[in-house]
>>> print(open('work.txt').read())   # compact mmCIF, C-alpha atoms
# COMPACT_ATOMS: atom_id res chain seq x y z
CA MET M 1 -79.29 -37.38 230.76
CA LYS M 2 -78.48 -39.40 233.85
CA LEU M 3 -76.84 -38.26 237.03
CA HIS M 4 -73.54 -40.03 237.56
CA THR M 5 -71.48 -39.87 240.74
CA ASN M 6 -67.78 -40.67 240.83
CA VAL M 7 -65.78 -40.87 244.05
CA LEU M 8 -62.20 -39.62 244.21
CA LEU M 9 -59.65 -39.83 246.99
CA ARG M 10 -57.96 -36.52 247.45
CA SER M 11 -55.58 -35.80 250.32
CA GLY M 12 -57.04 -38.79 252.13
CA VAL M 13 -60.57 -37.38 252.05
CA VAL M 14 -63.37 -38.96 250.05
CA LEU M 15 -64.89 -36.30 247.82
CA ALA M 16 -67.95 -36.88 245.65
CA ILE M 17 -67.99 -35.35 242.19
CA VAL M 18 -71.35 -35.20 240.52
CA CYS M 19 -70.85 -35.38 236.77
CA VAL M 20 -73.56 -34.73 234.23
CA MET M 21 -73.21 -36.39 230.87
CA PHE M 22 -74.20 -33.47 228.70
CA ILE M 23 -71.92 -30.52 228.00
CA THR M 24 -72.72 -29.30 224.50
CA LYS M 25 -75.98 -27.42 225.06
CA LEU M 26 -75.55 -23.69 225.56
CA SER M 27 -77.24 -22.27 228.64
CA ALA M 28 -79.69 -19.38 228.52
CA GLN M 29 -79.59 -19.19 232.30
CA GLN M 30 -80.65 -16.02 234.06
CA ILE M 31 -78.93 -15.71 237.43
CA ASN M 32 -79.68 -12.39 239.07
CA PHE M 33 -78.01 -11.22 242.28
CA VAL M 34 -79.69 -8.30 244.03
CA GLU M 35 -77.11 -6.81 246.39
CA VAL M 36 -78.50 -4.69 249.21
CA GLY M 37 -76.01 -2.44 251.01
CA PHE M 38 -72.88 -3.80 249.29
CA LYS M 39 -71.50 -5.21 246.04
CA LEU M 40 -70.26 -8.72 245.39
CA SER M 41 -66.64 -8.80 244.29
CA ALA M 42 -65.94 -9.91 240.73
CA LYS M 43 -64.46 -13.15 242.08
CA GLU M 44 -67.47 -13.86 244.30
CA ARG M 45 -69.86 -13.25 241.41
CA GLN M 46 -67.84 -15.45 239.08
CA THR M 47 -67.64 -18.27 241.65
CA LEU M 48 -71.37 -18.16 242.42
CA ASN M 49 -72.32 -18.11 238.74
CA ARG M 50 -70.09 -21.10 238.04
CA LEU M 51 -71.37 -23.13 241.00
CA ILE M 52 -75.04 -22.39 240.35
CA ASP M 53 -74.60 -23.17 236.66
CA TYR M 54 -73.11 -26.53 237.69
CA GLU M 55 -75.96 -27.10 240.12
CA ILE M 56 -78.42 -26.45 237.29
CA LYS M 57 -76.74 -29.06 235.11
CA VAL M 58 -76.98 -31.65 237.87
CA TYR M 59 -80.68 -30.86 238.32
CA ASN M 60 -81.18 -31.27 234.57
CA GLY M 61 -79.59 -34.69 234.87
CA MET M 62 -81.66 -35.71 237.89
CA PHE M 63 -84.93 -34.64 236.28
CA ASN M 64 -84.08 -35.53 232.67
CA THR M 65 -84.90 -32.04 231.42
CA TRP M 66 -83.41 -28.88 229.95
CA LYS M 67 -85.98 -26.51 231.44
CA ASN M 68 -83.75 -25.41 234.30
CA ASP M 69 -81.44 -23.73 231.79
CA SER M 70 -83.98 -20.97 231.25
CA LEU M 71 -85.22 -20.72 234.84
CA PRO M 72 -84.74 -17.20 236.25
CA ILE M 73 -82.94 -17.46 239.58
CA THR M 74 -83.07 -14.32 241.73
CA ILE M 75 -81.09 -14.16 244.96
CA ASN M 76 -81.36 -11.10 247.20
CA ILE M 77 -78.26 -10.68 249.39
CA TYR M 78 -78.32 -8.32 252.39
CA PHE M 79 -75.17 -6.83 253.90
CA LYS M 80 -76.91 -5.77 257.12
CA TYR M 81 -78.70 -8.34 259.23
CA LYS M 82 -81.43 -5.88 260.19
CA ASP M 83 -82.37 -5.51 256.51
CA PHE M 84 -82.42 -9.28 256.04
CA ASN M 85 -84.38 -9.77 259.26
CA GLN M 86 -87.03 -7.30 258.13
CA VAL M 87 -87.52 -9.31 254.94
CA ARG M 88 -87.50 -12.53 256.98
CA LYS M 89 -90.40 -11.18 259.05
CA THR M 90 -92.45 -9.90 256.12
CA ILE M 91 -91.80 -11.94 252.99
CA GLY M 92 -90.47 -14.93 254.93
CA ASN M 93 -93.29 -14.93 257.50
CA TYR M 94 -90.75 -15.39 260.32
CA VAL M 95 -88.95 -18.38 258.85
CA PRO M 96 -86.63 -19.83 261.53
CA SER M 97 -83.42 -19.51 259.50
CA ASP M 98 -81.11 -16.62 260.37
CA LEU M 99 -79.04 -17.20 257.21
CA GLY M 100 -81.41 -17.39 254.28
CA PHE M 101 -84.64 -18.72 252.84
CA TYR M 102 -86.44 -19.37 249.58
CA GLN M 103 -89.96 -18.03 249.14
CA PRO M 104 -92.01 -20.06 246.62
CA PHE M 105 -94.59 -17.27 246.24
CA THR M 106 -92.05 -14.73 245.00
CA LYS M 107 -89.83 -17.46 243.49
CA GLN M 108 -86.82 -15.67 244.97
CA SER M 109 -84.19 -16.38 247.61
CA TYR M 110 -83.11 -14.07 250.44
CA VAL M 111 -79.69 -14.39 252.06
CA PHE M 112 -77.81 -12.59 254.83
CA ALA M 113 -74.22 -11.86 253.78
CA GLY M 114 -72.66 -13.24 256.94
CA ASN M 115 -69.93 -15.85 257.30
CA ASN M 116 -69.93 -18.47 254.53
CA PHE M 117 -72.85 -16.73 252.85
CA MET M 118 -71.85 -18.19 249.48
CA GLN M 119 -72.74 -21.66 250.78
CA THR M 120 -76.15 -20.28 251.77
CA VAL M 121 -76.61 -18.86 248.27
CA ILE M 122 -75.95 -22.29 246.74
CA HIS M 123 -78.27 -23.89 249.32
CA GLU M 124 -81.14 -21.52 248.51
CA ALA M 125 -80.59 -21.87 244.75
CA SER M 126 -81.19 -25.59 245.22
CA HIS M 127 -84.59 -24.88 246.78
CA CYS M 128 -85.52 -22.75 243.78
CA LEU M 129 -84.50 -25.52 241.37
CA LEU M 130 -86.24 -28.29 243.29
CA HIS M 131 -89.52 -26.36 243.53
CA ASN M 132 -89.30 -25.72 239.79
CA ASN M 133 -89.14 -29.46 239.14
CA LEU M 134 -91.47 -31.02 241.74
CA LEU M 135 -94.94 -29.84 242.70
CA THR M 136 -94.80 -31.40 246.16
CA VAL M 137 -91.49 -31.52 248.00
CA PRO M 138 -91.19 -33.03 251.51
CA HIS M 139 -89.17 -30.96 253.97
CA TRP M 140 -86.47 -33.59 254.42
CA MET M 141 -85.79 -33.90 250.67
CA ASN M 142 -85.90 -30.14 250.15
CA GLU M 143 -83.29 -29.56 252.87
CA GLY M 144 -81.31 -32.76 252.30
CA ILE M 145 -80.55 -31.99 248.65
CA ALA M 146 -79.81 -28.34 249.45
CA GLU M 147 -77.41 -29.39 252.23
CA PHE M 148 -75.76 -31.82 249.83
CA PHE M 149 -75.15 -29.12 247.21
CA GLU M 150 -74.12 -26.28 249.53
CA THR M 151 -70.56 -27.60 249.88
CA LEU M 152 -69.84 -27.37 246.16
CA THR M 153 -66.20 -26.33 245.85
CA ILE M 154 -64.11 -25.20 242.89
CA ASP M 155 -60.57 -26.53 242.54
CA GLY M 156 -59.06 -25.44 239.25
CA ASN M 157 -61.14 -26.97 236.48
CA GLN M 158 -62.97 -29.36 238.79
CA ILE M 159 -65.98 -28.89 241.02
CA TYR M 160 -66.26 -31.06 244.13
CA ILE M 161 -69.06 -31.79 246.53
CA VAL M 162 -67.29 -32.06 249.86
CA PRO M 163 -68.91 -34.38 252.40
CA GLN M 164 -70.14 -32.60 255.55
CA SER M 165 -67.99 -34.42 258.07
CA GLY M 166 -69.72 -32.86 261.08
CA ARG M 167 -73.17 -34.03 260.01
CA ILE M 168 -71.85 -37.48 259.08
CA ARG M 169 -70.14 -37.82 262.48
CA TYR M 170 -73.37 -36.78 264.22
CA ILE M 171 -75.41 -39.37 262.28
CA LYS M 172 -72.93 -42.13 263.06
CA GLU M 173 -73.32 -41.32 266.75
CA GLN M 174 -77.11 -41.35 266.44
CA VAL M 175 -77.09 -44.68 264.57
CA ARG M 176 -74.84 -46.30 267.18
CA ALA M 177 -77.09 -45.01 269.93
CA GLY M 178 -80.17 -46.47 268.22
CA LYS M 179 -81.78 -43.04 267.82
CA ILE M 180 -82.45 -43.16 264.07
CA ASP M 181 -85.87 -44.34 262.92
CA LEU M 182 -86.24 -43.47 259.24
CA GLN M 183 -89.80 -44.73 258.90
CA ARG M 184 -90.93 -42.40 261.68
CA PHE M 185 -88.78 -39.65 260.18
CA PHE M 186 -90.50 -39.95 256.80
CA THR M 187 -94.07 -40.31 258.05
CA ASN M 188 -93.92 -37.43 260.57
CA ASP M 189 -92.33 -34.93 258.20
CA GLN M 190 -94.60 -31.95 258.95
CA ALA M 191 -94.77 -32.46 262.71
CA LEU M 192 -91.01 -32.87 263.17
CA TRP M 193 -90.14 -29.76 261.18
CA SER M 194 -92.46 -27.54 263.19
CA ASP M 195 -90.08 -27.53 266.17
CA LYS M 196 -86.81 -25.61 265.75
CA LYS M 197 -85.22 -27.64 268.57
CA ASN M 198 -85.16 -30.60 266.18
CA PHE M 199 -83.27 -28.80 263.43
CA ASP M 200 -79.79 -30.22 264.00
CA TYR M 201 -81.22 -33.74 263.93
CA LEU M 202 -83.50 -32.94 260.99
CA TYR M 203 -80.93 -31.26 258.76
CA SER M 204 -78.29 -33.89 259.51
CA THR M 205 -80.65 -36.81 258.90
CA SER M 206 -82.00 -35.26 255.72
CA TYR M 207 -78.50 -34.64 254.42
CA SER M 208 -77.35 -38.14 255.39
CA ILE M 209 -80.18 -39.78 253.43
CA ILE M 210 -79.32 -37.92 250.22
CA HIS M 211 -75.59 -38.46 250.77
CA TYR M 212 -76.15 -42.19 251.27
CA ILE M 213 -78.40 -42.59 248.21
CA ILE M 214 -75.99 -40.83 245.86
CA LYS M 215 -72.87 -42.49 247.27
CA SER M 216 -74.31 -46.01 247.39
CA ASN M 217 -76.20 -46.09 244.09
CA PRO M 218 -75.95 -43.06 241.76
CA ASP M 219 -78.76 -44.33 239.50
CA ALA M 220 -81.12 -44.62 242.47
CA MET M 221 -81.66 -40.87 242.68
CA ASN M 222 -82.84 -40.77 239.09
CA LYS M 223 -85.29 -43.60 239.73
CA ILE M 224 -86.66 -42.01 242.91
CA ILE M 225 -87.19 -38.69 241.12
CA SER M 226 -88.82 -40.45 238.18
CA LEU M 227 -91.30 -42.29 240.44
CA MET M 228 -92.17 -39.05 242.22
CA ARG M 229 -92.75 -37.12 239.01
CA GLU M 230 -94.32 -39.68 236.72
CA LYS M 231 -96.25 -41.88 239.14
CA ARG M 232 -96.80 -39.29 241.89
CA TYR M 233 -95.16 -41.54 244.47
CA ARG M 234 -94.48 -40.10 247.89
CA ALA M 235 -90.72 -39.73 248.41
CA ASP M 236 -90.51 -42.52 250.99
CA PHE M 237 -92.58 -44.86 248.78
CA ALA M 238 -90.25 -44.09 245.87
CA ILE M 239 -87.24 -44.92 248.05
CA ALA M 240 -88.82 -48.16 249.23
CA SER M 241 -89.63 -49.16 245.66
CA THR M 242 -86.09 -48.38 244.52
CA PHE M 243 -84.28 -50.17 247.37
CA GLY M 244 -86.53 -53.21 247.71
CA GLY M 245 -88.53 -52.05 250.71
CA MET M 246 -88.17 -49.49 253.50
CA ASP M 247 -86.81 -52.02 255.99
CA ARG M 248 -84.06 -52.96 253.56
CA PHE M 249 -83.26 -49.31 252.86
CA GLU M 250 -83.06 -48.43 256.55
CA GLN M 251 -80.89 -51.46 257.27
CA SER M 252 -78.42 -50.59 254.51
CA TYR M 253 -78.45 -46.91 255.52
CA LYS M 254 -77.54 -47.80 259.11
CA PHE M 255 -74.86 -50.23 257.95
CA PHE M 256 -73.36 -47.42 255.84
CA TYR M 257 -73.21 -45.10 258.88
CA ARG M 258 -72.33 -47.74 261.46
>>> encode(input="work.txt", output="structure tokens")
Amino acid sequence: MKLHTNVLLRSGVVLAIVCVMFITKLSAQQINFVEVGFKLSAKERQTLNRLIDYEIKVYNGMFNTWKNDSLPITINIYFKYKDFNQVRKTIGNYVPSDLGFYQPFTKQSYVFAGNNFMQTVIHEASHCLLHNNLLTVPHWMNEGIAEFFETLTIDGNQIYIVPQSGRIRYIKEQVRAGKIDLQRFFTNDQALWSDKKNFDYLYSTSYSIIHYIIKSNPDAMNKIISLMREKRYRADFAIASTFGGMDRFEQSYKFFYR
């Protein structure tokens, strides 16, 4: 059950489609939306169910498992910001996000139904899935994979992952300016994420690493995950092992975003 990534050109834009090579197993998935102060439309519910179900299949491929099919996913969606903010202060312990968060202790996600809230739902569902598959998840990987998945888009019978052009443009500027140091980024994970002023840099860099790995070598993600799960490698050690050393990985990453 490997993760395969194909790249299509559509309307002049490179779109990544993540395809999972298993389609026959029936899903016993439990996706539960708790709507507070409003009701999702039938179309919104159908779209979210389809995208999260797809996300689950990709996670099954990445982690070589079926267990995500039976994982209960509960997402609380709040129509009023004051209701969401109250939960953010109590259950979320003042998490910095004004859009949504996943709480590992309750194993539930909490989302404000603002603009583009469906992207936030997909983002938070990714956190739930990743925590269900890895005991220890570094901040950058947790957010990078969630950012990668949040732009899942349905077009007829196909589901696309649309590259985040704004984040990619930002990273290209940072690379050209010599402001990207991945080794420091990996080794100072906790310290960097403690300051909200760093978030644009942190989310963009995290996303760009996942985007680069999947675009440059689809099988690499499977190997990195395998090393983290089976040999308890740290994420950056797993990347270095997969790409022939951290210096080589950083050099190829910067060449990709030059």
>>> closest_residue(input="work.txt", among="M:His139, M:Lys223, M:Lys57, M:Arg234", to="Thr205 (chain M)", atoms="all atoms listed in the file")
M:His139
>>> residues_around(input="work.txt", residues="region 171-176 of chain M", least_positions_apart="2", cutoff="7 Å", atoms="all atoms listed in the file", output="JSON, numbers by chain")
{"M": [167, 168, 169, 178, 179, 180, 204, 205, 254, 257, 258]}
>>> atom_distance(input="work.txt", atom1="CA of Tyr253 (chain M)", atom2="CA of Val137 (chain M)")
21.5 Å
>>> closest_residue(input="work.txt", among="M:Tyr110, M:Tyr54, M:Phe249, M:Phe84", to="Ile161 (chain M)", atoms="only C-alpha atoms")
M:Tyr54
>>> residues_around(input="work.txt", residues="region 71-82 of chain M", least_positions_apart="6", cutoff="6 Å", atoms="only C-alpha atoms", output="ChimeraX atom specification")
/M:30-38,108-113
>>> closest_residue(input="work.txt", among="M:Met246, M:Ala146, M:Cys128, M:Val95", to="Ser206 (chain M)", atoms="only C-alpha atoms")
M:Ala146
>>> closest_residue(input="work.txt", among="M:Asp98, M:Glu147, M:Glu44, M:Asp69", to="His211 (chain M)", atoms="only C-alpha atoms")
M:Glu147
>>> atom_distance(input="work.txt", atom1="CA of Thr90 (chain M)", atom2="CA of Arg45 (chain M)")
27.2 Å
>>> atom_distance(input="work.txt", atom1="CA of Ile210 (chain M)", atom2="CA of Ile239 (chain M)")
10.8 Å
>>> closest_residue(input="work.txt", among="M:Asn85, M:Phe255, M:Gly144, M:Phe117", to="Phe199 (chain M)", atoms="only C-alpha atoms")
M:Gly144
>>> residues_around(input="work.txt", residues="region 114-116 of chain M", least_positions_apart="3", cutoff="8 Å", atoms="all atoms listed in the file", output="number ranges by chain")
M: 79, 99, 119-120
>>> residues_around(input="work.txt", residues="Glu55 (chain M)", least_positions_apart="2", cutoff="12 Å", atoms="only C-alpha atoms", output="PyMOL selection string")
chain M and resi 3+17-20+29+48-53+57-62+68-69+73+121-130+145-146+148-153+159-161
>>> closest_residue(input="work.txt", among="M:Trp140, M:Ser208, M:Asn188, M:Ser194", to="Ser165 (chain M)", atoms="all atoms listed in the file")
M:Ser208
>>> decode(input="work.txt", residues="region 223-252 of chain M", atoms="N, CA and C atoms", output="JSON list (two decimals), in the first residue's frame")
[["chain", "number", "residue", "atom", "x", "y", "z"],
["M", 223, "LYS", "N", 9.33, 5.92, 3.03],
["M", 223, "LYS", "CA", 10.55, 5.49, 3.71],
["M", 223, "LYS", "C", 10.77, 6.29, 4.99],
["M", 224, "ILE", "N", 10.54, 7.60, 4.92],
["M", 224, "ILE", "CA", 10.71, 8.45, 6.11],
["M", 224, "ILE", "C", 9.76, 8.00, 7.22],
["M", 225, "ILE", "N", 8.50, 7.78, 6.86],
["M", 225, "ILE", "CA", 7.51, 7.33, 7.84],
["M", 225, "ILE", "C", 7.90, 5.98, 8.42],
["M", 226, "SER", "N", 8.37, 5.08, 7.57],
["M", 226, "SER", "CA", 8.76, 3.75, 8.03],
["M", 226, "SER", "C", 9.91, 3.83, 9.03],
["M", 227, "LEU", "N", 10.91, 4.66, 8.76],
["M", 227, "LEU", "CA", 12.03, 4.81, 9.68],
["M", 227, "LEU", "C", 11.59, 5.41, 11.02],
["M", 228, "MET", "N", 10.64, 6.33, 10.97],
["M", 228, "MET", "CA", 10.15, 6.94, 12.20],
["M", 228, "MET", "C", 9.35, 5.96, 13.04],
["M", 229, "ARG", "N", 8.57, 5.12, 12.39],
["M", 229, "ARG", "CA", 7.72, 4.18, 13.12],
["M", 229, "ARG", "C", 8.47, 2.95, 13.59],
["M", 230, "GLU", "N", 9.23, 2.36, 12.69],
["M", 230, "GLU", "CA", 9.84, 1.06, 12.98],
["M", 230, "GLU", "C", 11.18, 1.17, 13.70],
["M", 231, "LYS", "N", 11.94, 2.21, 13.40],
["M", 231, "LYS", "CA", 13.26, 2.35, 14.02],
["M", 231, "LYS", "C", 13.34, 3.53, 14.98],
["M", 232, "ARG", "N", 12.18, 4.21, 15.17],
["M", 232, "ARG", "CA", 12.10, 5.34, 16.10],
["M", 232, "ARG", "C", 13.07, 6.46, 15.75],
["M", 233, "TYR", "N", 13.33, 6.62, 14.45],
["M", 233, "TYR", "CA", 14.18, 7.72, 14.00],
["M", 233, "TYR", "C", 13.47, 9.05, 14.27],
["M", 234, "ARG", "N", 14.25, 10.07, 14.59],
["M", 234, "ARG", "CA", 13.73, 11.42, 14.57],
["M", 234, "ARG", "C", 13.43, 11.79, 13.12],
["M", 235, "ALA", "N", 12.48, 12.68, 12.90],
["M", 235, "ALA", "CA", 12.07, 13.00, 11.53],
["M", 235, "ALA", "C", 13.23, 13.49, 10.67],
["M", 236, "ASP", "N", 14.08, 14.38, 11.23],
["M", 236, "ASP", "CA", 15.19, 14.89, 10.43],
["M", 236, "ASP", "C", 16.23, 13.81, 10.16],
["M", 237, "PHE", "N", 16.42, 12.88, 11.10],
["M", 237, "PHE", "CA", 17.35, 11.76, 10.85],
["M", 237, "PHE", "C", 16.79, 10.86, 9.75],
["M", 238, "ALA", "N", 15.48, 10.65, 9.77],
["M", 238, "ALA", "CA", 14.85, 9.82, 8.74],
["M", 238, "ALA", "C", 15.00, 10.46, 7.37],
["M", 239, "ILE", "N", 14.86, 11.78, 7.30],
["M", 239, "ILE", "CA", 15.04, 12.50, 6.04],
["M", 239, "ILE", "C", 16.47, 12.38, 5.56],
["M", 240, "ALA", "N", 17.43, 12.59, 6.47],
["M", 240, "ALA", "CA", 18.83, 12.49, 6.11],
["M", 240, "ALA", "C", 19.18, 11.11, 5.59],
["M", 241, "SER", "N", 18.66, 10.08, 6.25],
["M", 241, "SER", "CA", 18.91, 8.71, 5.83],
["M", 241, "SER", "C", 18.32, 8.44, 4.46],
["M", 242, "THR", "N", 17.16, 9.00, 4.19],
["M", 242, "THR", "CA", 16.47, 8.76, 2.92],
["M", 242, "THR", "C", 17.12, 9.49, 1.76],
["M", 243, "PHE", "N", 17.64, 10.69, 2.01],
["M", 243, "PHE", "CA", 18.17, 11.54, 0.94],
["M", 243, "PHE", "C", 19.70, 11.54, 0.87],
["M", 244, "GLY", "N", 20.35, 10.68, 1.63],
["M", 244, "GLY", "CA", 21.81, 10.61, 1.56],
["M", 244, "GLY", "C", 22.52, 11.67, 2.36],
["M", 245, "GLY", "N", 21.91, 12.13, 3.43],
["M", 245, "GLY", "CA", 22.53, 13.13, 4.28],
["M", 245, "GLY", "C", 21.74, 14.44, 4.30],
["M", 246, "MET", "N", 21.80, 15.16, 5.43],
["M", 246, "MET", "CA", 21.05, 16.40, 5.56],
["M", 246, "MET", "C", 21.58, 17.49, 4.63],
["M", 247, "ASP", "N", 22.89, 17.56, 4.47],
["M", 247, "ASP", "CA", 23.46, 18.57, 3.57],
["M", 247, "ASP", "C", 22.94, 18.37, 2.15],
["M", 248, "ARG", "N", 22.88, 17.13, 1.72],
["M", 248, "ARG", "CA", 22.41, 16.82, 0.38],
["M", 248, "ARG", "C", 20.93, 17.16, 0.23],
["M", 249, "PHE", "N", 20.15, 16.83, 1.28],
["M", 249, "PHE", "CA", 18.72, 17.15, 1.25],
["M", 249, "PHE", "C", 18.51, 18.65, 1.16],
["M", 250, "GLU", "N", 19.21, 19.41, 2.00],
["M", 250, "GLU", "CA", 19.02, 20.86, 2.01],
["M", 250, "GLU", "C", 19.45, 21.48, 0.68],
["M", 251, "GLN", "N", 20.53, 20.96, 0.11],
["M", 251, "GLN", "CA", 20.99, 21.48, -1.17],
["M", 251, "GLN", "C", 19.96, 21.23, -2.27],
["M", 252, "SER", "N", 19.40, 20.05, -2.31],
["M", 252, "SER", "CA", 18.41, 19.73, -3.34],
["M", 252, "SER", "C", 17.10, 20.48, -3.11]]
